[in-house]
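Accompanying notes for the structure given below.
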Amino acid sequence: MLDAKFVREHFGVVEESLKNRGYDLSLDEFLASEEQRRTLLREAEELRNRRNVVSEEIARQKTQKKDVAHMIDEMKRVSDRIKEYDTQLKALEERTCEFLLNVPNIPHHSVPIGRDETENVEVRRWGEPRQFDFEPLNHWDIGAILDILDFERASRIAGARFCLMKGAGARLERALMNFMLDLNTAKGYREVFPPIIVNRESMKGTGQLPKFEMELFRTCNPEYYLIPTAEVPVTNIHRQEILQEKDLPLYYTAYTPCFRREAGSYGKDVRGLIRQHQFNKVELVKFVKPEDSYDELESLTRDAEDILQRLDLPYRVVALCTGDLGFAAAKTYDLEVWLPGQQRYREISSCSNFADFQARRADIRFKREGKKGTEFVHTLNGSALAIGRTVAAILENYQQRDGCVIVPEVLRPYMGVEVIR
RNA sequence: GGAGAGGUGGCCGAGUCGGUCGAAGGCAGCCGCCUGCUAAGCGGUUGUGGGGGUAAAACCUCACCCAGGGUUCGAAUCCCUGCCUCUCCGCCA
């Protein structure tokens with residue numbers, strides 16, 4: 001969420017950023033109702049002041065047994081007027097809040113301007129896509145041949161966009177989770193295992209709600225939401241807290257299952273592990289001081305890249321342009337891994353700096369040593385990595401002519417075997 | 001699921017029959033004094049958010065005693081609802 005005062009005072013900046021993101025949203029109505037709100041607020045506060053002053057007077061005179069009926073009479077009228085003001089103010093506040101909740105973050109000035117994903121900018125590449133002396137298969141074919149990925153039975157158990165992993169497939173999934181968590185914690189990220197269904201407030205805090213209700217699974221009675229990413233519960237660890245400067249930065253890593261409706265993605269990636277309703281992911285989350293957040297984004301991205309490098313999977317880093325940037329993000333790098341079966345790079349991690357956008361929504365602040373007042377922290381997160389997609393990448397990149405799959409060296413201690421056959 | 005208790009400032013803790021309570025007292029922190037010895041004593045000070053104001057402060061004002069409603073001229077104090085915590089019983093991975 002943006003700061004109402006900031007929007008008031010810098011609406012030019014906000015309009016520009018909305019335009020760059022491809023949003024068609026006018027600020028006029030917001031500015032007008034804000035103006036009205038502030039006027040009403042001042043008048044209401046004057047009345048309250050009057051009421052406070054006279055109420056004290058009433059108390060004083062009453063102890064002296066004086067007649068206060070006329071004052072009480074006046075205050076009755078004042079209180080009625082305050083109530084009227086409050087009703088109006090509440091309506092206005094709801095309107096401005098509602099509006100602000102639907103305004104996306106302002107992109108950082110280093111974010112390339114562009115309409116959609118075709119205008120994202122490649123920042124760097126790592127690794128050489130392997131040259132095959134045979135036609136490389138898709139991971140779902142490899143999975144079927146090895147009998148480690150079973151989409152048919154999964155659809156019987158649950159439905160489309162689910163996968164039953166079996167034998168070495170299940171073991172590979174688990175190996176990757178452990179490998180990634182071990183690596184991340186060794187770098188100083190604190191491992192947490194959070195609730196994976198959360199309340200509405202948490203979803204609001206990170207920006208999934210109210211705008212993206214359609215993309216979430218929800219429970220009824222009582223109402224909870226299944227998390228689409230560990231970002232939600234982990235960022236909300238510090239919701240409504242005031243942290244101390246000396247406690248920052250805070251680094252967390254978490255493995256969780258993730259659940260996504262994938263509404264509106266009909267026909268996309270219908271086969272394989274790329275787009276599932278349920279998938280596993282290891283996430284990195286940072287809480288940092290504002291002045292550090294863009295450096296922290298670079299190091300967070302490097303930490304995610306490190307996993308791909310250790311797995312020896314070719315990838316590239318892409319800076320998302322304004323038109324492709326997520327709602328809450330100020331800047332995002334996507335890591336795209338090479339999939340030989342599809343002959344293209346596919347997203348496997350998304351690393352973002354949200355600046356103070358989530359912190360303001362979730363009310364996560366910090367106090368500087370020796371300074372008055374508080375400031376919002378900056379939050380960041382990134383996948384390190386999406387497990388299912390990593391499985392797909394390993395199967396496709398490490399496949400052999402005879403159908404078996406070599407296990408990447410760093411995973412062998414976790415897998416117990418060198419080859420999946 | 002059943003029966004009770006409770007949620008007050010960084011922490012502990014008071015708040016009487018609703019009125020001068022942003023809230024006693026203690027601890028902790030900060031500033032100063034005193035003392036010369038490893039610490040005590042004395043004085044002062046210490047929250048957050050909004051609006052106004054200022055070059056910036058100062059300053060003025062409103063709100064905040066879990067959250068949201070209600071009663072009242074006036075609520076931390078009374079009523080209702082919700083959330084959370086604790087104790088006991090039951091059930092259970």
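Order determines the names: the first chain of the structure tokens is A, the second B, and so forth; residues in each chain are numbered 1 upward, and ligands are numbered 1 upward as they are shown.
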
ask   = Got a sec: who's within 8 Å of segment 46-59 of chain B, counting only C-alpha atoms (C1' of nucleotides), leaving out chain neighbours fewer than 5 positions off, as JSON, numbers by chain?
value = {"A": [38, 41, 42], "B": [9, 29, 30, 64]}

key: Which of segment 179-339 of chain A fall in strand (DSSP E or B), as a VMD selection string   = chain A and resid 190 to 192 197 to 198 218 to 219 224 to 226 241 to 244 250 to 259 278 to 288 315 to 319 331 to 339

Contacts from chain A to chain B, 8 Å maximum, only C-alpha atoms (C1' of nucleotides): show me the residue list as a PDB file with all heavy atoms, in the first residue's frame.
ATOM      1  N   ARG A  38     -10.059  15.414   5.072  1.00  0.00           N
ATOM      2  CA  ARG A  38      -9.242  16.209   5.984  1.00  0.00           C
ATOM      3  C   ARG A  38     -10.005  17.401   6.542  1.00  0.00           C
ATOM      4  O   ARG A  38      -9.842  17.789   7.695  1.00  0.00           O
ATOM      5  CB  ARG A  38      -7.964  16.659   5.282  1.00  0.00           C
ATOM      6  CG  ARG A  38      -6.927  15.538   5.251  1.00  0.00           C
ATOM      7  CD  ARG A  38      -5.563  16.056   4.925  1.00  0.00           C
ATOM      8  NE  ARG A  38      -5.558  16.661   3.588  1.00  0.00           N
ATOM      9  CZ  ARG A  38      -4.621  17.496   3.175  1.00  0.00           C
ATOM     10  NH1 ARG A  38      -3.649  17.831   3.967  1.00  0.00           N
ATOM     11  NH2 ARG A  38      -4.670  17.994   1.950  1.00  0.00           N
ATOM     12  N   LEU A  41     -12.343  16.057   9.115  1.00  0.00           N
ATOM     13  CA  LEU A  41     -11.589  15.602  10.277  1.00  0.00           C
ATOM     14  C   LEU A  41     -11.286  16.773  11.202  1.00  0.00           C
ATOM     15  O   LEU A  41     -11.449  16.691  12.415  1.00  0.00           O
ATOM     16  CB  LEU A  41     -10.284  14.938   9.823  1.00  0.00           C
ATOM     17  CG  LEU A  41      -9.431  14.314  10.931  1.00  0.00           C
ATOM     18  CD1 LEU A  41     -10.189  13.202  11.625  1.00  0.00           C
ATOM     19  CD2 LEU A  41      -8.120  13.792  10.374  1.00  0.00           C
ATOM     20  N   ARG A  42     -10.875  17.875  10.611  1.00  0.00           N
ATOM     21  CA  ARG A  42     -10.551  19.047  11.417  1.00  0.00           C
ATOM     22  C   ARG A  42     -11.778  19.556  12.170  1.00  0.00           C
ATOM     23  O   ARG A  42     -11.708  19.892  13.344  1.00  0.00           O
ATOM     24  CB  ARG A  42      -9.972  20.144  10.539  1.00  0.00           C
ATOM     25  CG  ARG A  42      -8.524  20.421  10.875  1.00  0.00           C
ATOM     26  CD  ARG A  42      -8.017  21.613  10.138  1.00  0.00           C
ATOM     27  NE  ARG A  42      -7.857  21.347   8.701  1.00  0.00           N
ATOM     28  CZ  ARG A  42      -7.563  22.295   7.808  1.00  0.00           C
ATOM     29  NH1 ARG A  42      -7.440  23.542   8.196  1.00  0.00           N
ATOM     30  NH2 ARG A  42      -7.413  21.976   6.536  1.00  0.00           N
ATOM     31  N   GLU A  45     -12.691  17.246  14.964  1.00  0.00           N
ATOM     32  CA  GLU A  45     -11.758  17.330  16.091  1.00  0.00           C
ATOM     33  C   GLU A  45     -12.009  18.565  16.936  1.00  0.00           C
ATOM     34  O   GLU A  45     -11.827  18.545  18.152  1.00  0.00           O
ATOM     35  CB  GLU A  45     -10.321  17.278  15.579  1.00  0.00           C
ATOM     36  CG  GLU A  45      -9.922  15.881  15.177  1.00  0.00           C
ATOM     37  CD  GLU A  45      -8.456  15.761  14.821  1.00  0.00           C
ATOM     38  OE1 GLU A  45      -7.768  16.793  14.773  1.00  0.00           O
ATOM     39  OE2 GLU A  45      -8.017  14.629  14.569  1.00  0.00           O
ATOM     40  N   GLU A  46     -12.427  19.637  16.281  1.00  0.00           N
ATOM     41  CA  GLU A  46     -12.766  20.834  17.041  1.00  0.00           C
ATOM     42  C   GLU A  46     -13.940  20.555  17.975  1.00  0.00           C
ATOM     43  O   GLU A  46     -13.958  20.984  19.128  1.00  0.00           O
ATOM     44  CB  GLU A  46     -13.127  21.978  16.092  1.00  0.00           C
ATOM     45  CG  GLU A  46     -11.933  22.866  15.775  1.00  0.00           C
ATOM     46  CD  GLU A  46     -12.249  23.833  14.650  1.00  0.00           C
ATOM     47  OE1 GLU A  46     -13.355  24.408  14.652  1.00  0.00           O
ATOM     48  OE2 GLU A  46     -11.394  23.992  13.754  1.00  0.00           O
ATOM     49  N   ARG A  48     -14.805  17.660  19.164  1.00  0.00           N
ATOM     50  CA  ARG A  48     -14.348  16.769  20.230  1.00  0.00           C
ATOM     51  C   ARG A  48     -13.620  17.557  21.313  1.00  0.00           C
ATOM     52  O   ARG A  48     -13.764  17.298  22.504  1.00  0.00           O
ATOM     53  CB  ARG A  48     -13.392  15.721  19.670  1.00  0.00           C
ATOM     54  CG  ARG A  48     -14.084  14.513  19.125  1.00  0.00           C
ATOM     55  CD  ARG A  48     -13.047  13.496  18.669  1.00  0.00           C
ATOM     56  NE  ARG A  48     -13.547  12.764  17.516  1.00  0.00           N
ATOM     57  CZ  ARG A  48     -14.392  11.758  17.605  1.00  0.00           C
ATOM     58  NH1 ARG A  48     -14.824  11.355  18.772  1.00  0.00           N
ATOM     59  NH2 ARG A  48     -14.809  11.141  16.516  1.00  0.00           N
ATOM     60  N   ASN A  49     -12.826  18.493  20.863  1.00  0.00           N
ATOM     61  CA  ASN A  49     -12.100  19.331  21.811  1.00  0.00           C
ATOM     62  C   ASN A  49     -13.086  20.062  22.721  1.00  0.00           C
ATOM     63  O   ASN A  49     -12.927  20.109  23.930  1.00  0.00           O
ATOM     64  CB  ASN A  49     -11.231  20.327  21.035  1.00  0.00           C
ATOM     65  CG  ASN A  49     -10.446  21.213  21.976  1.00  0.00           C
ATOM     66  OD1 ASN A  49     -10.497  22.422  21.902  1.00  0.00           O
ATOM     67  ND2 ASN A  49      -9.722  20.590  22.887  1.00  0.00           N
ATOM     68  N   ASN A  52     -14.549  17.669  25.196  1.00  0.00           N
ATOM     69  CA  ASN A  52     -13.604  17.336  26.267  1.00  0.00           C
ATOM     70  C   ASN A  52     -13.524  18.444  27.306  1.00  0.00           C
ATOM     71  O   ASN A  52     -13.532  18.187  28.505  1.00  0.00           O
ATOM     72  CB  ASN A  52     -12.207  17.090  25.676  1.00  0.00           C
ATOM     73  CG  ASN A  52     -12.146  15.784  24.911  1.00  0.00           C
ATOM     74  OD1 ASN A  52     -13.046  14.947  25.035  1.00  0.00           O
ATOM     75  ND2 ASN A  52     -11.116  15.606  24.109  1.00  0.00           N
ATOM     76  N   SER A  55     -16.868  18.764  29.253  1.00  0.00           N
ATOM     77  CA  SER A  55     -17.098  17.618  30.127  1.00  0.00           C
ATOM     78  C   SER A  55     -16.305  17.741  31.411  1.00  0.00           C
ATOM     79  O   SER A  55     -16.781  17.401  32.493  1.00  0.00           O
ATOM     80  CB  SER A  55     -16.720  16.320  29.410  1.00  0.00           C
ATOM     81  OG  SER A  55     -17.686  16.020  28.441  1.00  0.00           O
ATOM     82  N   GLU A  56     -15.100  18.242  31.282  1.00  0.00           N
ATOM     83  CA  GLU A  56     -14.297  18.468  32.481  1.00  0.00           C
ATOM     84  C   GLU A  56     -14.950  19.510  33.365  1.00  0.00           C
ATOM     85  O   GLU A  56     -14.987  19.386  34.590  1.00  0.00           O
ATOM     86  CB  GLU A  56     -12.888  18.937  32.091  1.00  0.00           C
ATOM     87  CG  GLU A  56     -11.943  17.802  31.821  1.00  0.00           C
ATOM     88  CD  GLU A  56     -10.561  18.298  31.395  1.00  0.00           C
ATOM     89  OE1 GLU A  56     -10.121  19.341  31.916  1.00  0.00           O
ATOM     90  OE2 GLU A  56      -9.942  17.642  30.530  1.00  0.00           O
ATOM     91  N   ILE A  58     -18.073  20.211  33.518  1.00  0.00           N
ATOM     92  CA  ILE A  58     -19.254  19.603  34.145  1.00  0.00           C
ATOM     93  C   ILE A  58     -18.845  18.844  35.404  1.00  0.00           C
ATOM     94  O   ILE A  58     -19.450  18.994  36.462  1.00  0.00           O
ATOM     95  CB  ILE A  58     -19.962  18.642  33.168  1.00  0.00           C
ATOM     96  CG1 ILE A  58     -20.620  19.438  32.042  1.00  0.00           C
ATOM     97  CG2 ILE A  58     -21.011  17.797  33.898  1.00  0.00           C
ATOM     98  CD1 ILE A  58     -21.228  18.593  30.941  1.00  0.00           C
ATOM     99  N   ALA A  59     -17.786  18.080  35.272  1.00  0.00           N
ATOM    100  CA  ALA A  59     -17.319  17.296  36.419  1.00  0.00           C
ATOM    101  C   ALA A  59     -16.976  18.201  37.586  1.00  0.00           C
ATOM    102  O   ALA A  59     -17.330  17.946  38.728  1.00  0.00           O
ATOM    103  CB  ALA A  59     -16.114  16.465  36.004  1.00  0.00           C
ATOM    104  N   ARG A  60     -16.267  19.284  37.256  1.00  0.00           N
ATOM    105  CA  ARG A  60     -15.830  20.205  38.292  1.00  0.00           C
ATOM    106  C   ARG A  60     -17.019  20.858  38.997  1.00  0.00           C
ATOM    107  O   ARG A  60     -17.105  20.919  40.218  1.00  0.00           O
ATOM    108  CB  ARG A  60     -14.924  21.274  37.675  1.00  0.00           C
ATOM    109  CG  ARG A  60     -13.816  21.730  38.605  1.00  0.00           C
ATOM    110  CD  ARG A  60     -12.810  22.615  37.890  1.00  0.00           C
ATOM    111  NE  ARG A  60     -12.149  21.947  36.768  1.00  0.00           N
ATOM    112  CZ  ARG A  60     -12.084  22.452  35.529  1.00  0.00           C
ATOM    113  NH1 ARG A  60     -12.655  23.609  35.253  1.00  0.00           N
ATOM    114  NH2 ARG A  60     -11.468  21.789  34.585  1.00  0.00           N
ATOM    115  N   MET A  71     -25.395  22.794  30.351  1.00  0.00           N
ATOM    116  CA  MET A  71     -24.180  22.328  29.687  1.00  0.00           C
ATOM    117  C   MET A  71     -24.397  20.929  29.104  1.00  0.00           C
ATOM    118  O   MET A  71     -23.963  20.631  27.993  1.00  0.00           O
ATOM    119  CB  MET A  71     -23.021  22.287  30.685  1.00  0.00           C
ATOM    120  CG  MET A  71     -22.645  23.654  31.209  1.00  0.00           C
ATOM    121  SD  MET A  71     -21.396  23.514  32.503  1.00  0.00           S
ATOM    122  CE  MET A  71     -19.954  24.016  31.606  1.00  0.00           C
ATOM    123  N   ILE A  72     -25.047  20.105  29.882  1.00  0.00           N
ATOM    124  CA  ILE A  72     -25.321  18.757  29.386  1.00  0.00           C
ATOM    125  C   ILE A  72     -26.173  18.823  28.142  1.00  0.00           C
ATOM    126  O   ILE A  72     -25.961  18.086  27.184  1.00  0.00           O
ATOM    127  CB  ILE A  72     -26.004  17.914  30.490  1.00  0.00           C
ATOM    128  CG1 ILE A  72     -24.972  17.605  31.586  1.00  0.00           C
ATOM    129  CG2 ILE A  72     -26.591  16.632  29.918  1.00  0.00           C
ATOM    130  CD1 ILE A  72     -25.490  16.769  32.720  1.00  0.00           C
ATOM    131  N   ASP A  73     -27.111  19.744  28.151  1.00  0.00           N
ATOM    132  CA  ASP A  73     -27.955  19.946  26.987  1.00  0.00           C
ATOM    133  C   ASP A  73     -27.135  20.283  25.744  1.00  0.00           C
ATOM    134  O   ASP A  73     -27.296  19.690  24.686  1.00  0.00           O
ATOM    135  CB  ASP A  73     -28.930  21.094  27.271  1.00  0.00           C
ATOM    136  CG  ASP A  73     -30.353  20.591  27.262  1.00  0.00           C
ATOM    137  OD1 ASP A  73     -30.558  19.442  27.697  1.00  0.00           O
ATOM    138  OD2 ASP A  73     -31.225  21.347  26.804  1.00  0.00           O
ATOM    139  N   GLU A  74     -26.235  21.241  25.945  1.00  0.00           N
ATOM    140  CA  GLU A  74     -25.404  21.642  24.808  1.00  0.00           C
ATOM    141  C   GLU A  74     -24.571  20.465  24.320  1.00  0.00           C
ATOM    142  O   GLU A  74     -24.456  20.216  23.133  1.00  0.00           O
ATOM    143  CB  GLU A  74     -24.481  22.803  25.211  1.00  0.00           C
ATOM    144  CG  GLU A  74     -23.710  23.384  24.020  1.00  0.00           C
ATOM    145  CD  GLU A  74     -22.404  24.067  24.430  1.00  0.00           C
ATOM    146  OE1 GLU A  74     -22.279  24.452  25.609  1.00  0.00           O
ATOM    147  OE2 GLU A  74     -21.512  24.181  23.571  1.00  0.00           O
ATOM    148  N   MET A  75     -24.033  19.702  25.260  1.00  0.00           N
ATOM    149  CA  MET A  75     -23.152  18.607  24.890  1.00  0.00           C
ATOM    150  C   MET A  75     -23.895  17.478  24.179  1.00  0.00           C
ATOM    151  O   MET A  75     -23.328  16.778  23.353  1.00  0.00           O
ATOM    152  CB  MET A  75     -22.441  18.060  26.134  1.00  0.00           C
ATOM    153  CG  MET A  75     -21.318  18.944  26.624  1.00  0.00           C
ATOM    154  SD  MET A  75     -20.121  19.391  25.342  1.00  0.00           S
ATOM    155  CE  MET A  75     -20.633  21.057  24.951  1.00  0.00           C
ATOM    156  N   LYS A  76     -25.158  17.369  24.528  1.00  0.00           N
ATOM    157  CA  LYS A  76     -25.959  16.376  23.812  1.00  0.00           C
ATOM    158  C   LYS A  76     -25.964  16.695  22.320  1.00  0.00           C
ATOM    159  O   LYS A  76     -25.781  15.818  21.476  1.00  0.00           O
ATOM    160  CB  LYS A  76     -27.400  16.381  24.327  1.00  0.00           C
ATOM    161  CG  LYS A  76     -27.662  15.320  25.369  1.00  0.00           C
ATOM    162  CD  LYS A  76     -29.116  15.317  25.790  1.00  0.00           C
ATOM    163  CE  LYS A  76     -29.309  14.339  26.923  1.00  0.00           C
ATOM    164  NZ  LYS A  76     -30.493  14.579  27.739  1.00  0.00           N
TER     165      LYS A  76
END

Picked from segment 130-365 of chain A by DSSP as helix (DSSP H, G or I), as an MDAnalysis selection string = chainID A and resid 139:146 151:157 168:186 200:206 213:215 231:238 245:247 290:310 357:362

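Considering only C-alpha atoms, the residue among A:Met214, A:Ala393, A:Ala263, A:Val318 positioned nearest to Leu335 of chain A is A:Val318.
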
query = Do you know which residues are at most 8 Å from segment 75-78 of chain B counting only C-alpha atoms (C1' of nucleotides), after dropping those on the same chain fewer than 6 positions away, and could you put them as a ChimeraX atom specification?
reply = /B:8,18,65

For the residues selected in the previous step, produce a file with N, CA, C and O atoms (P, O5', C5', C4', C3', O3' and C1' of nucleotides) as a compact mmCIF listing (two decimals), in the first residue's frame.
# COMPACT_ATOMS: atom_id res chain seq x y z
P U B 8 -2.45 -6.70 29.27
O5' U B 8 -2.99 -5.23 29.49
C5' U B 8 -3.24 -4.37 28.36
C4' U B 8 -3.32 -2.96 28.81
C3' U B 8 -1.99 -2.33 29.24
O3' U B 8 -1.27 -1.84 28.11
C1' U B 8 -3.65 -1.83 30.84
P G B 18 -19.76 3.65 38.64
O5' G B 18 -18.19 3.49 38.43
C5' G B 18 -17.29 4.51 38.44
C4' G B 18 -17.02 5.04 37.03
C3' G B 18 -16.74 6.52 37.04
O3' G B 18 -15.32 6.67 37.11
C1' G B 18 -18.08 5.86 35.18
P C B 65 -7.88 2.35 24.21
O5' C B 65 -6.55 1.91 24.94
C5' C B 65 -5.97 0.61 24.76
C4' C B 65 -5.58 0.05 26.10
C3' C B 65 -6.69 -0.73 26.80
O3' C B 65 -6.26 -2.08 26.87
C1' C B 65 -5.73 0.91 28.25

key: Atom-to-atom span, atom CA of Ala254 of chain A and atom CA of Thr229 of chain A, Å   =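 These atoms are spaced 9.9 Å apart.
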
message = Can you measure atom C1' of U85 of chain B to atom CA of Val377 of chain A for me? One decimal in Å is fine.
response =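 These atoms are spaced 28.5 Å apart.
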
ask   = Any idea what the distance is between atom CA of Asp269 of chain A and atom CA of Asn120 of chain A?
value = 20.6 Å

request  = Write out as a ChimeraX atom specification the residues lying within 9 Å of Lys367 of chain A, counting only C-alpha atoms (C1' of nucleotides) and excluding same-chain residues fewer than 2 positions away.
outcome  = /A:242-245,365,369-376
